[in-house]
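Asks: Here you go, run-v3.cif (mmCIF, C-alpha atoms and all ligand atoms):
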data_run
#
loop_
_atom_site.label_atom_id
_atom_site.label_comp_id
_atom_site.auth_asym_id
_atom_site.auth_seq_id
_atom_site.Cartn_x
_atom_site.Cartn_y
_atom_site.Cartn_z
CA MET I 1 -207.30 36.89 42.71
CA ASP I 2 -208.15 33.90 44.87
CA THR I 3 -206.89 31.59 42.17
CA LEU I 4 -203.59 33.42 42.02
CA ILE I 5 -203.09 33.06 45.78
CA LEU I 6 -203.94 29.37 45.56
CA VAL I 7 -201.42 28.89 42.74
CA ILE I 8 -198.72 30.59 44.80
CA ILE I 9 -199.57 28.47 47.84
CA GLY I 10 -199.28 25.39 45.63
CA LEU I 11 -195.94 26.44 44.18
CA VAL I 12 -194.45 27.08 47.62
CA ALA I 13 -196.07 24.23 49.51
CA GLY I 14 -195.21 21.70 46.78
CA PRO I 15 -191.46 21.44 47.36
CA VAL I 16 -191.78 21.95 51.13
CA ILE I 17 -194.23 19.07 51.54
CA GLY I 18 -192.46 16.95 48.93
CA GLY I 19 -189.07 17.40 50.60
CA LEU I 20 -190.43 16.64 54.05
CA VAL I 21 -192.21 13.54 52.78
CA ALA I 22 -188.96 12.37 51.16
CA GLY I 23 -187.06 12.97 54.42
CA LEU I 24 -189.65 11.17 56.54
CA ASP I 25 -189.64 8.34 54.05
CA ARG I 26 -185.88 7.84 54.43
CA ARG I 27 -186.24 8.02 58.20
CA VAL I 28 -188.94 5.37 58.34
CA THR I 29 -187.05 3.19 55.87
CA ALA I 30 -183.96 3.41 58.09
CA TRP I 31 -186.12 2.41 61.05
CA PHE I 32 -187.28 -0.67 59.12
CA GLN I 33 -183.62 -1.59 58.67
CA SER I 34 -182.86 -0.90 62.36
CA ARG I 35 -180.74 2.10 61.51
CA GLN I 36 -181.10 5.63 62.76
CA GLY I 37 -181.33 7.28 59.37
CA PRO I 38 -180.69 10.83 58.18
CA PRO I 39 -182.33 13.95 59.64
CA ILE I 40 -185.82 14.77 58.33
CA MET I 41 -184.41 17.84 56.56
CA GLN I 42 -181.89 15.72 54.67
CA SER I 43 -183.54 16.12 51.25
CA PHE I 44 -183.29 19.90 51.53
CA TYR I 45 -179.59 19.67 52.40
CA ASP I 46 -179.04 17.40 49.42
CA VAL I 47 -180.77 19.73 46.99
CA ALA I 48 -179.11 22.87 48.39
CA LYS I 49 -175.73 21.23 48.08
CA LEU I 50 -176.43 20.15 44.51
CA LEU I 51 -177.51 23.69 43.61
CA GLY I 52 -174.12 24.95 44.82
CA LYS I 53 -172.09 22.53 42.73
CA GLU I 54 -170.25 23.17 39.52
CA LYS I 55 -172.44 23.16 36.39
CA MET I 56 -171.33 20.19 34.35
CA VAL I 57 -173.48 19.02 31.45
CA VAL I 58 -173.06 16.53 28.67
CA ASN I 59 -174.97 18.72 26.20
CA GLN I 60 -177.28 21.75 26.17
CA TRP I 61 -180.38 19.59 25.84
CA GLN I 62 -180.06 18.46 29.41
CA ILE I 63 -180.39 22.00 30.71
CA LEU I 64 -183.58 22.56 28.72
CA CYS I 65 -185.02 19.18 29.66
CA ALA I 66 -184.35 19.59 33.37
CA TRP I 67 -186.01 23.01 33.36
CA VAL I 68 -189.03 21.88 31.35
CA TYR I 69 -189.49 18.90 33.66
CA LEU I 70 -189.42 21.19 36.69
CA ILE I 71 -191.70 23.84 35.19
CA ALA I 72 -194.23 21.27 33.98
CA ALA I 73 -194.32 19.60 37.39
CA ALA I 74 -194.66 22.96 39.17
CA VAL I 75 -197.41 24.16 36.81
CA SER I 76 -199.38 20.95 37.27
CA VAL I 77 -199.24 21.36 41.06
CA GLY I 78 -200.16 25.04 40.70
CA LEU I 79 -203.17 24.10 38.57
CA PHE I 80 -204.12 21.43 41.07
CA PHE I 81 -204.18 23.92 43.93
CA ALA I 82 -206.08 26.39 41.75
CA GLN I 83 -208.84 23.76 41.35
CA GLY I 84 -208.04 23.51 37.67
CA ASP I 85 -209.08 21.02 35.06
CA LEU I 86 -207.88 17.45 35.63
CA LEU I 87 -207.22 16.83 31.95
CA VAL I 88 -205.00 19.90 31.61
CA ILE I 89 -203.07 18.83 34.71
CA PHE I 90 -202.66 15.39 33.20
CA PHE I 91 -201.23 16.67 29.94
CA VAL I 92 -198.90 19.18 31.58
CA GLN I 93 -197.34 16.56 33.84
CA ALA I 94 -197.08 14.11 30.94
CA VAL I 95 -195.08 16.69 28.94
CA GLY I 96 -192.69 17.07 31.89
CA ALA I 97 -192.26 13.32 32.25
CA VAL I 98 -191.41 12.97 28.56
CA PHE I 99 -188.83 15.75 28.75
CA LEU I 100 -187.04 13.98 31.59
CA VAL I 101 -186.71 10.96 29.31
CA MET I 102 -185.52 13.09 26.38
CA GLY I 103 -182.79 14.64 28.50
CA ALA I 104 -181.58 11.20 29.49
CA MET I 105 -181.74 10.01 25.87
CA SER I 106 -179.62 12.93 24.70
CA ALA I 107 -176.58 11.54 26.52
CA LYS I 108 -174.73 8.57 25.09
CA SER I 109 -174.14 6.80 28.39
CA PRO I 110 -175.64 3.30 28.30
CA PHE I 111 -176.90 3.65 31.87
CA SER I 112 -178.86 6.73 31.03
CA GLN I 113 -180.12 5.20 27.77
CA VAL I 114 -181.39 2.03 29.42
CA GLY I 115 -182.85 4.08 32.27
CA ALA I 116 -184.67 6.28 29.77
CA GLN I 117 -186.16 3.28 27.99
CA ARG I 118 -187.38 1.89 31.28
CA GLU I 119 -188.78 5.25 32.31
CA LEU I 120 -190.77 5.31 29.05
CA MET I 121 -192.19 1.90 29.97
CA GLN I 122 -193.20 3.27 33.35
CA ILE I 123 -194.92 6.25 31.74
CA LEU I 124 -196.69 3.82 29.43
CA ALA I 125 -197.90 1.90 32.47
CA TYR I 126 -199.19 4.65 34.74
CA GLU I 127 -200.59 7.26 32.34
CA PRO I 128 -203.59 5.13 31.22
CA VAL I 129 -204.39 4.43 34.87
CA LEU I 130 -204.36 8.15 35.66
CA ILE I 131 -206.66 8.88 32.71
CA LEU I 132 -209.09 6.17 33.85
CA VAL I 133 -209.12 7.65 37.36
CA PHE I 134 -209.97 11.04 35.87
CA VAL I 135 -212.74 9.48 33.78
CA GLY I 136 -214.07 7.92 36.98
CA ILE I 137 -214.09 11.31 38.69
CA TYR I 138 -215.93 12.68 35.67
CA LEU I 139 -218.57 9.96 35.87
CA VAL I 140 -219.17 10.72 39.56
CA THR I 141 -219.13 14.52 39.47
CA GLY I 142 -220.09 15.20 35.85
CA SER I 143 -217.07 17.46 35.39
CA PHE I 144 -213.31 17.29 34.98
CA SER I 145 -212.88 20.25 37.30
CA ILE I 146 -211.43 19.67 40.76
CA SER I 147 -213.82 22.17 42.31
CA ALA I 148 -216.68 19.78 41.49
CA VAL I 149 -215.06 17.16 43.74
CA TRP I 150 -215.18 19.47 46.75
CA GLU I 151 -218.94 19.85 46.34
CA LEU I 152 -219.56 16.13 46.76
CA GLU I 153 -221.52 15.00 49.80
CA GLN I 154 -219.97 11.58 49.91
CA PRO I 155 -216.26 10.75 49.55
CA LEU I 156 -215.13 9.52 46.15
CA LEU I 157 -213.61 6.49 47.82
CA ALA I 158 -217.07 5.04 48.42
CA LYS I 159 -217.79 5.11 44.71
CA MET I 160 -214.33 4.41 43.32
CA PRO I 161 -212.56 1.96 45.68
CA LEU I 162 -211.06 -0.09 42.84
CA LEU I 163 -209.85 3.02 41.06
CA TYR I 164 -208.11 4.06 44.27
CA LEU I 165 -206.24 0.76 44.32
CA ALA I 166 -205.26 1.32 40.70
CA LEU I 167 -204.05 4.81 41.61
CA GLY I 168 -201.83 3.10 44.18
CA TYR I 169 -199.96 1.48 41.29
CA ALA I 170 -199.50 4.88 39.66
CA LEU I 171 -198.28 6.32 42.96
CA THR I 172 -195.69 3.57 43.41
CA ILE I 173 -194.44 4.01 39.86
CA LYS I 174 -194.27 7.80 40.15
CA LEU I 175 -192.39 7.59 43.45
CA ARG I 176 -190.02 5.14 41.73
CA LYS I 177 -190.29 2.72 44.61
CA SER I 178 -189.82 -1.05 44.64
CA PRO I 179 -191.04 -3.15 42.89
CA PHE I 180 -191.14 -0.48 40.17
CA ASP I 181 -187.77 1.20 40.79
CA PHE I 182 -185.98 0.00 37.70
CA SER I 183 -185.63 3.28 35.81
CA THR I 184 -183.68 4.76 38.68
CA SER I 185 -183.10 3.42 42.15
CA HIS I 186 -182.53 5.13 45.47
CA HIS I 187 -179.16 3.47 45.71
CA GLY I 188 -176.78 4.36 42.95
CA HIS I 189 -174.23 1.59 43.35
CA GLN I 190 -176.34 -0.97 41.55
CA GLU I 191 -176.56 -2.41 38.06
CA LEU I 192 -178.00 0.71 36.46
CA VAL I 193 -176.06 3.29 38.53
CA LYS I 194 -178.78 5.97 38.58
CA GLY I 195 -180.60 5.12 35.34
CA VAL I 196 -182.34 8.16 33.87
CA LEU I 197 -180.65 10.41 36.41
CA THR I 198 -177.10 9.20 35.74
CA GLU I 199 -176.15 12.01 33.40
CA TYR I 200 -177.89 14.85 35.23
CA SER I 201 -175.51 16.34 37.73
CA GLY I 202 -175.05 19.29 40.07
CA PRO I 203 -177.75 21.99 39.83
CA TYR I 204 -179.64 20.11 37.11
CA LEU I 205 -179.97 17.05 39.31
CA ALA I 206 -181.34 19.42 41.95
CA LEU I 207 -183.97 20.70 39.50
CA VAL I 208 -184.99 17.14 38.68
CA GLU I 209 -185.23 16.36 42.40
CA ILE I 210 -187.46 19.38 43.08
CA ALA I 211 -189.63 18.39 40.12
CA HIS I 212 -189.91 14.94 41.64
CA TRP I 213 -191.17 16.48 44.90
CA TYR I 214 -193.82 18.38 42.95
CA GLU I 215 -194.92 15.17 41.26
CA THR I 216 -195.10 13.35 44.57
CA VAL I 217 -197.33 16.13 45.92
CA LEU I 218 -199.51 16.01 42.81
CA ILE I 219 -200.16 12.28 43.09
CA LEU I 220 -200.71 12.49 46.86
CA GLY I 221 -203.11 15.36 46.13
CA LEU I 222 -205.01 13.11 43.76
CA CYS I 223 -205.21 10.51 46.52
CA ALA I 224 -206.49 13.22 48.87
CA LEU I 225 -209.38 13.96 46.51
CA PHE I 226 -210.77 10.54 47.32
CA TRP I 227 -211.82 11.70 50.77
CA SER I 228 -212.63 15.33 50.15
CA THR I 229 -215.49 15.57 52.65
CA ASN I 230 -213.55 15.31 55.90
CA VAL I 231 -210.06 16.66 56.55
CA PHE I 232 -209.23 14.10 59.24
CA TRP I 233 -210.20 11.14 57.15
CA MET I 234 -208.30 12.67 54.25
CA ALA I 235 -205.16 12.90 56.38
CA ALA I 236 -205.68 9.35 57.64
CA LEU I 237 -206.12 8.09 54.09
CA LEU I 238 -202.92 9.81 52.93
CA LEU I 239 -200.92 8.60 55.91
CA GLY I 240 -202.18 5.06 55.52
CA THR I 241 -201.47 5.05 51.80
CA TYR I 242 -197.96 6.38 52.20
CA ALA I 243 -197.17 4.02 55.09
CA LEU I 244 -198.28 1.12 52.92
CA GLU I 245 -196.09 2.50 50.14
CA ILE I 246 -193.01 2.47 52.39
CA LEU I 247 -193.83 -1.01 53.62
CA VAL I 248 -194.14 -2.29 50.04
CA ASP I 249 -190.90 -0.53 49.11
CA ASN I 250 -189.03 -2.23 51.92
CA THR I 251 -190.44 -5.70 51.49
CA MET I 252 -190.44 -6.07 47.72
CA ALA I 253 -187.62 -6.85 45.33
CA ARG I 254 -187.15 -4.94 42.10
CA MET I 255 -189.10 -6.50 39.26
CA THR I 256 -188.74 -6.28 35.49
CA TRP I 257 -190.66 -3.92 33.25
CA ARG I 258 -192.51 -6.86 31.68
CA TRP I 259 -193.83 -7.84 35.11
CA MET I 260 -194.88 -4.24 35.65
CA LEU I 261 -196.74 -3.91 32.36
CA LYS I 262 -198.58 -7.17 32.99
CA ARG I 263 -199.52 -6.24 36.54
CA VAL I 264 -200.48 -2.65 35.93
CA TRP I 265 -202.30 -3.20 32.67
CA LEU I 266 -204.13 -6.38 33.63
CA LEU I 267 -204.80 -5.76 37.31
CA GLY I 268 -204.66 -1.99 37.50
CA MET I 269 -206.59 -1.26 34.35
CA GLY I 270 -208.85 -4.28 34.91
CA MET I 271 -209.89 -2.94 38.30
CA SER I 272 -210.34 0.52 36.83
CA VAL I 273 -212.58 -0.70 34.04
CA VAL I 274 -214.72 -2.80 36.41
CA ASN I 275 -215.09 0.26 38.61
CA LEU I 276 -215.98 2.43 35.62
CA ILE I 277 -218.63 -0.03 34.42
CA TRP I 278 -220.10 -0.08 37.89
CA LEU I 279 -220.18 3.73 37.97
CA TYR I 280 -221.68 3.90 34.49
CA ALA I 281 -224.37 1.32 35.17
CA GLY I 282 -225.11 2.43 38.70
CA MET O 1 -179.21 33.59 53.29
CA PHE O 2 -179.59 30.95 50.63
CA GLY O 3 -175.85 31.03 50.05
CA SER O 4 -175.14 30.23 53.68
CA PHE O 5 -177.70 27.43 53.61
CA ILE O 6 -175.88 25.92 50.63
CA LYS O 7 -172.60 26.22 52.50
CA LYS O 8 -174.05 24.52 55.55
CA SER O 9 -175.60 21.80 53.41
CA ARG O 10 -172.30 20.86 51.81
CA ALA O 11 -171.04 19.38 55.05
CA LYS O 12 -174.40 17.71 55.72
CA SER O 13 -174.75 15.81 52.50
CA PRO O 14 -171.48 14.33 51.32
CA TRP O 15 -172.19 11.84 48.57
CA ILE O 16 -169.48 9.27 48.24
CA MET O 17 -168.02 7.48 45.28
CA HIS O 18 -165.96 4.46 46.20
CA PHE O 19 -163.28 3.35 43.73
CA ASP O 20 -161.34 0.13 44.19
CA CYS O 21 -158.00 0.92 42.59
CA GLY O 22 -156.37 -2.48 42.93
CA SER O 23 -157.02 -3.12 46.59
CA CYS O 24 -156.86 -6.59 48.13
CA ASN O 25 -160.57 -6.08 48.99
CA GLY O 26 -159.82 -5.74 52.69
CA CYS O 27 -160.32 -1.99 52.65
CA ASP O 28 -163.38 -2.25 50.37
CA ILE O 29 -165.15 -4.48 52.82
CA GLU O 30 -164.48 -1.94 55.55
CA VAL O 31 -165.85 0.87 53.38
CA LEU O 32 -169.02 -1.10 52.75
CA ALA O 33 -169.25 -1.94 56.45
CA CYS O 34 -169.78 1.77 57.07
CA LEU O 35 -173.16 1.51 55.34
CA THR O 36 -174.44 -1.29 57.56
CA PRO O 37 -176.81 -0.65 60.48
CA LEU O 38 -173.89 -0.87 62.92
CA TYR O 39 -172.14 2.25 61.60
CA ASP O 40 -175.04 3.70 59.55
CA VAL O 41 -173.28 6.58 57.79
CA GLU O 42 -176.60 7.74 56.36
CA ARG O 43 -177.03 9.47 59.74
CA PHE O 44 -174.62 12.09 58.45
CA GLY O 45 -176.33 12.26 55.08
CA ILE O 46 -173.58 10.16 53.51
CA ILE O 47 -174.74 8.11 50.54
CA ASN O 48 -172.72 5.75 48.38
CA VAL O 49 -173.68 6.98 44.91
CA GLY O 50 -171.46 4.94 42.61
CA ASN O 51 -171.54 7.71 40.01
CA PRO O 52 -168.71 10.27 39.82
CA LYS O 53 -171.08 12.89 38.39
CA HIS O 54 -173.15 12.89 41.57
CA ALA O 55 -170.27 12.49 44.02
CA ASP O 56 -168.65 15.01 46.36
CA VAL O 57 -166.08 12.74 47.96
CA LEU O 58 -163.95 10.13 46.22
CA LEU O 59 -162.85 7.25 48.44
CA VAL O 60 -159.99 5.33 46.89
CA THR O 61 -158.69 2.04 48.21
CA GLY O 62 -155.63 0.16 47.03
CA THR O 63 -152.54 0.99 45.01
CA VAL O 64 -152.45 2.66 41.63
CA ASN O 65 -150.91 0.67 38.81
CA HIS O 66 -150.10 1.56 35.22
CA ARG O 67 -153.36 0.04 34.02
CA ASN O 68 -155.80 1.88 36.21
CA LYS O 69 -154.16 5.27 36.68
CA LYS O 70 -156.05 6.59 33.65
CA VAL O 71 -159.33 5.27 35.05
CA LEU O 72 -158.65 6.95 38.39
CA LYS O 73 -157.84 10.25 36.69
CA ASN O 74 -160.94 9.98 34.51
CA ILE O 75 -163.23 9.38 37.48
CA TYR O 76 -161.67 12.29 39.34
CA ASP O 77 -162.16 14.61 36.36
CA GLN O 78 -165.83 13.67 36.04
CA MET O 79 -166.65 14.85 39.55
CA PRO O 80 -168.03 18.41 39.65
CA GLU O 81 -166.35 20.89 42.03
CA PRO O 82 -166.16 21.21 45.04
CA LYS O 83 -164.78 17.75 45.68
CA ALA O 84 -162.46 15.94 48.08
CA VAL O 85 -160.34 12.83 47.72
CA ILE O 86 -159.68 10.40 50.55
CA ALA O 87 -157.02 7.71 50.26
CA ILE O 88 -157.82 4.64 52.34
CA GLY O 89 -155.46 2.09 53.81
CA ALA O 90 -151.71 1.66 53.65
CA CYS O 91 -151.94 0.84 49.94
CA GLY O 92 -153.88 3.95 49.04
CA ASN O 93 -151.54 6.14 51.04
CA THR O 94 -148.17 4.90 49.86
CA GLY O 95 -148.48 1.66 47.97
CA GLY O 96 -148.28 -0.37 51.18
CA VAL O 97 -147.00 -3.91 50.93
CA PHE O 98 -147.23 -3.73 47.15
CA ARG O 99 -145.05 -0.67 46.76
CA ASP O 100 -142.11 -2.59 45.27
CA ALA O 101 -144.12 -4.57 42.75
CA TYR O 102 -143.04 -3.93 39.14
CA ASN O 103 -146.45 -2.70 37.97
CA VAL O 104 -147.28 -0.45 40.93
CA VAL O 105 -147.09 3.33 40.56
CA GLY O 106 -147.55 3.96 44.30
CA GLY O 107 -150.12 5.80 46.39
CA ILE O 108 -153.17 7.66 45.07
CA ASP O 109 -151.38 11.01 45.38
CA LYS O 110 -149.08 10.08 42.49
CA VAL O 111 -152.06 10.58 40.15
CA ILE O 112 -154.61 12.91 41.76
CA PRO O 113 -154.42 15.38 44.69
CA VAL O 114 -155.38 13.71 47.98
CA ASP O 115 -156.98 15.66 50.87
CA VAL O 116 -157.04 13.06 53.63
CA TYR O 117 -155.01 9.93 54.27
CA VAL O 118 -156.68 7.22 56.34
CA PRO O 119 -154.11 4.74 57.65
CA GLY O 120 -154.62 1.08 58.54
CA CYS O 121 -154.38 -2.31 56.88
CA PRO O 122 -157.29 -2.50 56.49
CA ALA O 123 -158.54 0.90 57.68
CA LYS O 124 -161.20 0.61 60.38
CA PRO O 125 -164.73 1.80 59.57
CA GLU O 126 -164.45 4.32 62.43
CA ALA O 127 -161.27 5.68 60.87
CA ILE O 128 -162.94 5.93 57.45
CA ILE O 129 -165.92 7.86 58.85
CA ASP O 130 -163.47 10.09 60.69
CA GLY O 131 -161.56 10.61 57.44
CA VAL O 132 -164.72 11.68 55.63
CA VAL O 133 -165.54 14.17 58.40
CA VAL O 134 -162.03 15.66 58.22
CA GLY O 135 -162.31 15.69 54.42
CA LEU O 136 -165.52 17.73 54.65
CA GLY O 137 -163.76 20.30 56.80
CA LYS O 138 -161.02 20.50 54.20
CA PHE O 139 -163.39 21.04 51.38
CA ALA O 140 -165.31 23.73 53.22
CA GLN O 141 -161.93 25.42 53.61
CA LYS O 142 -161.17 25.01 49.89
CA VAL O 143 -164.51 26.62 48.98
CA GLU O 144 -163.77 29.56 51.31
CA GLU O 145 -160.39 30.06 49.71
CA ALA O 146 -161.85 29.93 46.21
CA GLU O 147 -164.36 32.70 47.04
S1 LIG X 1 -154.23 -1.49 53.04
FE1 LIG X 1 -154.19 -3.67 53.56
S2 LIG X 1 -156.35 -4.24 53.54
FE2 LIG X 1 -156.19 -2.30 52.47
S3 LIG X 1 -156.02 -2.81 50.34
FE3 LIG X 1 -153.93 -2.62 51.13
S4 LIG X 1 -153.35 -4.69 51.77
FE4 LIG X 1 -155.57 -4.66 51.50
#
Show me the file's structure as C-alpha cells.
Replies:
Amino acid sequence: MDTLILVIIGLVAGPVIGGLVAGLDRRVTAWFQSRQGPPIMQSFYDVAKLLGKEKMVVNQWQILCAWVYLIAAAVSVGLFFAQGDLLVIFFVQAVGAVFLVMGAMSAKSPFSQVGAQRELMQILAYEPVLILVFVGIYLVTGSFSISAVWELEQPLLAKMPLLYLALGYALTIKLRKSPFDFSTSHHGHQELVKGVLTEYSGPYLALVEIAHWYETVLILGLCALFWSTNVFWMAALLLGTYALEILVDNTMARMTWRWMLKRVWLLGMGMSVVNLIWLYAG
Amino acid sequence: MFGSFIKKSRAKSPWIMHFDCGSCNGCDIEVLACLTPLYDVERFGIINVGNPKHADVLLVTGTVNHRNKKVLKNIYDQMPEPKAVIAIGACGNTGGVFRDAYNVVGGIDKVIPVDVYVPGCPAKPEAIIDGVVVGLGKFAQKVEEAE
C-alpha cells in the first residue's frame, strides 16, 4: 500500500518539479544574459499549448515512440520513489531513451537523423557512467535497492566523491546542456534546428517534454541519494549542483561528440573506476 | 479546467518561425533585435524556433517572388493548427519598393492568408512585438470560432 502511494507521489511530483526546475532554469539563464526572462510557469504553458495543437505526424512510429519514451521515464521515476531496484530503473530509462532515438530515426529529415545519431552517442557516453555509479552504491550498501541507501549513517558523498563528479557529466548530458547540447539545443534556429526533436510536433512534442522532466527528476534524485542522511544538506547539494549546471551551460560553447566521448569516457569513467577501486580496497 | 488552461497557454507561449522571403535584410535584423536583452521577447514566452512544425506564428519579411512562393506555401502548410501569419514591413505587406519588379508576385497575402500587417521600412521591433500580440488575439478568436 505504502509503495503504491509512493509511486503515485512520484508520478505526480515528477512533472511538477521537472517543469518548475525548467522554468527556474530559463529565468536564471535570462538573468545571466541581463534579460528578464519568461515566467517560472512558462514550461507548463508551453506544454499545455502543445497538447492543444493539431496532431501532425510523419508516421505512426512517432506516436508509439513518444508514448514509450514518456511511459518509460514515468515508470523509472515511479520506481525511484517506491525505493525500487537501481538496476531495474536503469534499464527502464534506457529503453525510453532508445525509443526517443528510434522515433527520430523513423523520419527522413536529415536534421532528425543527425540528431538521432548524436543522441545515440550521448546515450553511449552517459549510460556506462550511470552503471558505475550504481555499482559504487552497491559496494557501499551491499545492495542495489534504494532503501538500503536511506539506512546509511554517513552520506554516500563521503565515500563516492569522484563518482558524484562523474554523475555530473551524466546530468549535463541528460539535461542536454552545453557543452553537450548537440543532439538538440534549446534554441531551434541553429545548424541542427531541433535535432532529435525536429520531427516531433504538437502533442507528441509535449509528451517528449514531459518525459524529459521525468528524466531530469530521476537524475536529480540520484544526486540527492548522495546526501541521504540530512534533508538540508541534500537540498544544498542539489541546489549547488544545479546552479553549477546552469553556470556551465551559460559559459561553455557547444562541443563535438568526439570531445564528449573522450572527456566522459576518459575523465568520467576514469574517476569512477578510481573511486570503485578505492571502495573495493577500503 | 484543463481545456481552459490550454486556451490560456496559447497566448502565453507563441513560438515563432521567421521566414525571410526575399527581404533586403532590414526587417530581418529588426526581427532578431526583438530577441536581444533590450526587447527580450522571451518575457512573453516567445521563442524563435526555426522549425515550422513547432511554430505557432509565422513572421514573414520581404516580398514574394516566383521562386520562393512554393517555399512559403510549404512552410505554412507544415505548421500545425492553430496558427497565425504576420507580414512584416512594407515589402511583406504589399511588395513595397519592389512591387514593380518583373519577378515579384507582391505581398505575402498573395500566397497565404495573413492575419496581421506590420508596417514600416524597416518595421520597428516595438511594432513587431505589437503585431505578435495582436496576432495572438486573432488566433484566440479563430480557435473560438472553430469550436
Ligand atoms: S520593408 Fe524596407 S527594410 Fe523591410 S525588407 Fe522591405 S525594403 Fe527592406
Asks: I'd like the interatomic distance between atom CA of Leu247 of chain I and atom CA of Gly270 of chain I, to a tenth of an Å.
Replies: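 Answer for the atom CA of Leu247 of chain I to atom CA of Gly270 of chain I separation: 24.2 Å.
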Asks: Every residue with an atom at most 10 Å from (-164.8, -2.1, 51.0) (file coordinates; all atoms listed in the file) is what I'm after, so could you write them as a ChimeraX atom specification?
Replies: /O:18-20,23-34,59-61,88,122-123,125
Asks: Quote the spacing between atom CA of Ser178 of chain I and atom CA of Asp249 of chain I in Å to one decimal place.
Replies: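 If I compute the distance from atom CA of Ser178 of chain I to atom CA of Asp249 of chain I, I get 4.6 Å.
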Asks: Near Leu156 of chain I, counting only C-alpha atoms, which residues have an atom at most 9 Å away, once you skip same-chain residues fewer than 4 positions from it, shown as a PDB file with C-alpha atoms, keeping the file's coordinate frame?
Replies:
ATOM      1  CA  ILE I 137    -214.090  11.310  38.690  1.00  0.00           C
ATOM      2  CA  VAL I 140    -219.170  10.720  39.560  1.00  0.00           C
ATOM      3  CA  VAL I 149    -215.060  17.160  43.740  1.00  0.00           C
ATOM      4  CA  LEU I 152    -219.560  16.130  46.760  1.00  0.00           C
ATOM      5  CA  MET I 160    -214.330   4.410  43.320  1.00  0.00           C
ATOM      6  CA  PRO I 161    -212.560   1.960  45.680  1.00  0.00           C
ATOM      7  CA  LEU I 225    -209.380  13.960  46.510  1.00  0.00           C
ATOM      8  CA  PHE I 226    -210.770  10.540  47.320  1.00  0.00           C
ATOM      9  CA  TRP I 227    -211.820  11.700  50.770  1.00  0.00           C
ATOM     10  CA  SER I 228    -212.630  15.330  50.150  1.00  0.00           C
ATOM     11  CA  THR I 229    -215.490  15.570  52.650  1.00  0.00           C
TER      12      THR I 229
END
Asks: Residues of chain I within 10 Å of chain O, using only C-alpha atoms, as an MDAnalysis selection string?
Replies: chainID I and resid 26:27 30:31 33:39 41:57 186:190 192:194 197:202 205
Asks: Would you work out the distance separating atom CA of Ala170 of chain I from atom CA of Tyr126 of chain I, expressed in Å to one decimal?
Replies: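 About the pair atom CA of Ala170 of chain I and atom CA of Tyr126 of chain I: they are 4.9 Å apart.
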Asks: Determine, counting only C-alpha atoms, which protein, DNA and RNA residues have an atom within 8 Å of an atom of Ile86 of chain O; residues of the same chain fewer than 2 positions away are not included. Present the result as a PyMOL selection string.
Replies: chain O and resi 57-60+84+88+114-118+131-132+135
Asks: Because some atoms of segment 105-115 of chain O are absent here, can you restore N, CA, C and O atoms and send them as an mmCIF file, keeping the file's coordinate frame?
Replies:
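selection-v1.cif was written with the following content:
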data_model
loop_
_atom_site.group_PDB
_atom_site.id
_atom_site.type_symbol
_atom_site.label_atom_id
_atom_site.label_comp_id
_atom_site.auth_asym_id
_atom_site.auth_seq_id
_atom_site.Cartn_x
_atom_site.Cartn_y
_atom_site.Cartn_z
ATOM 1 N N VAL O 105 -147.551 1.937 40.653
ATOM 2 C CA VAL O 105 -147.090 3.330 40.560
ATOM 3 C C VAL O 105 -146.840 3.879 41.962
ATOM 4 O O VAL O 105 -145.931 4.671 42.171
ATOM 5 N N GLY O 106 -147.702 3.472 42.932
ATOM 6 C CA GLY O 106 -147.550 3.960 44.300
ATOM 7 C C GLY O 106 -148.890 4.346 44.893
ATOM 8 O O GLY O 106 -149.907 3.739 44.561
ATOM 9 N N GLY O 107 -148.879 5.358 45.759
ATOM 10 C CA GLY O 107 -150.120 5.800 46.390
ATOM 11 C C GLY O 107 -150.985 6.601 45.431
ATOM 12 O O GLY O 107 -150.571 6.936 44.324
ATOM 13 N N ILE O 108 -152.215 6.932 45.901
ATOM 14 C CA ILE O 108 -153.170 7.660 45.070
ATOM 15 C C ILE O 108 -152.598 9.031 44.685
ATOM 16 O O ILE O 108 -152.844 9.540 43.601
ATOM 17 N N ASP O 109 -151.820 9.629 45.607
ATOM 18 C CA ASP O 109 -151.380 11.010 45.380
ATOM 19 C C ASP O 109 -150.367 11.141 44.244
ATOM 20 O O ASP O 109 -149.984 12.240 43.872
ATOM 21 N N LYS O 110 -149.955 10.000 43.665
ATOM 22 C CA LYS O 110 -149.080 10.080 42.490
ATOM 23 C C LYS O 110 -149.888 10.515 41.271
ATOM 24 O O LYS O 110 -149.322 10.945 40.270
ATOM 25 N N VAL O 111 -151.226 10.312 41.331
ATOM 26 C CA VAL O 111 -152.060 10.580 40.150
ATOM 27 C C VAL O 111 -152.995 11.776 40.364
ATOM 28 O O VAL O 111 -153.118 12.637 39.505
ATOM 29 N N ILE O 112 -153.673 11.813 41.512
ATOM 30 C CA ILE O 112 -154.610 12.910 41.760
ATOM 31 C C ILE O 112 -154.314 13.498 43.137
ATOM 32 O O ILE O 112 -153.752 12.814 43.993
ATOM 33 N N PRO O 113 -154.680 14.773 43.383
ATOM 34 C CA PRO O 113 -154.420 15.380 44.690
ATOM 35 C C PRO O 113 -155.285 14.731 45.776
ATOM 36 O O PRO O 113 -156.490 14.554 45.587
ATOM 37 N N VAL O 114 -154.663 14.362 46.889
ATOM 38 C CA VAL O 114 -155.380 13.710 47.980
ATOM 39 C C VAL O 114 -155.539 14.705 49.132
ATOM 40 O O VAL O 114 -154.609 15.448 49.438
ATOM 41 N N ASP O 115 -156.752 14.736 49.755
ATOM 42 C CA ASP O 115 -156.980 15.660 50.870
ATOM 43 C C ASP O 115 -156.752 14.990 52.220
ATOM 44 O O ASP O 115 -156.251 15.602 53.148
#
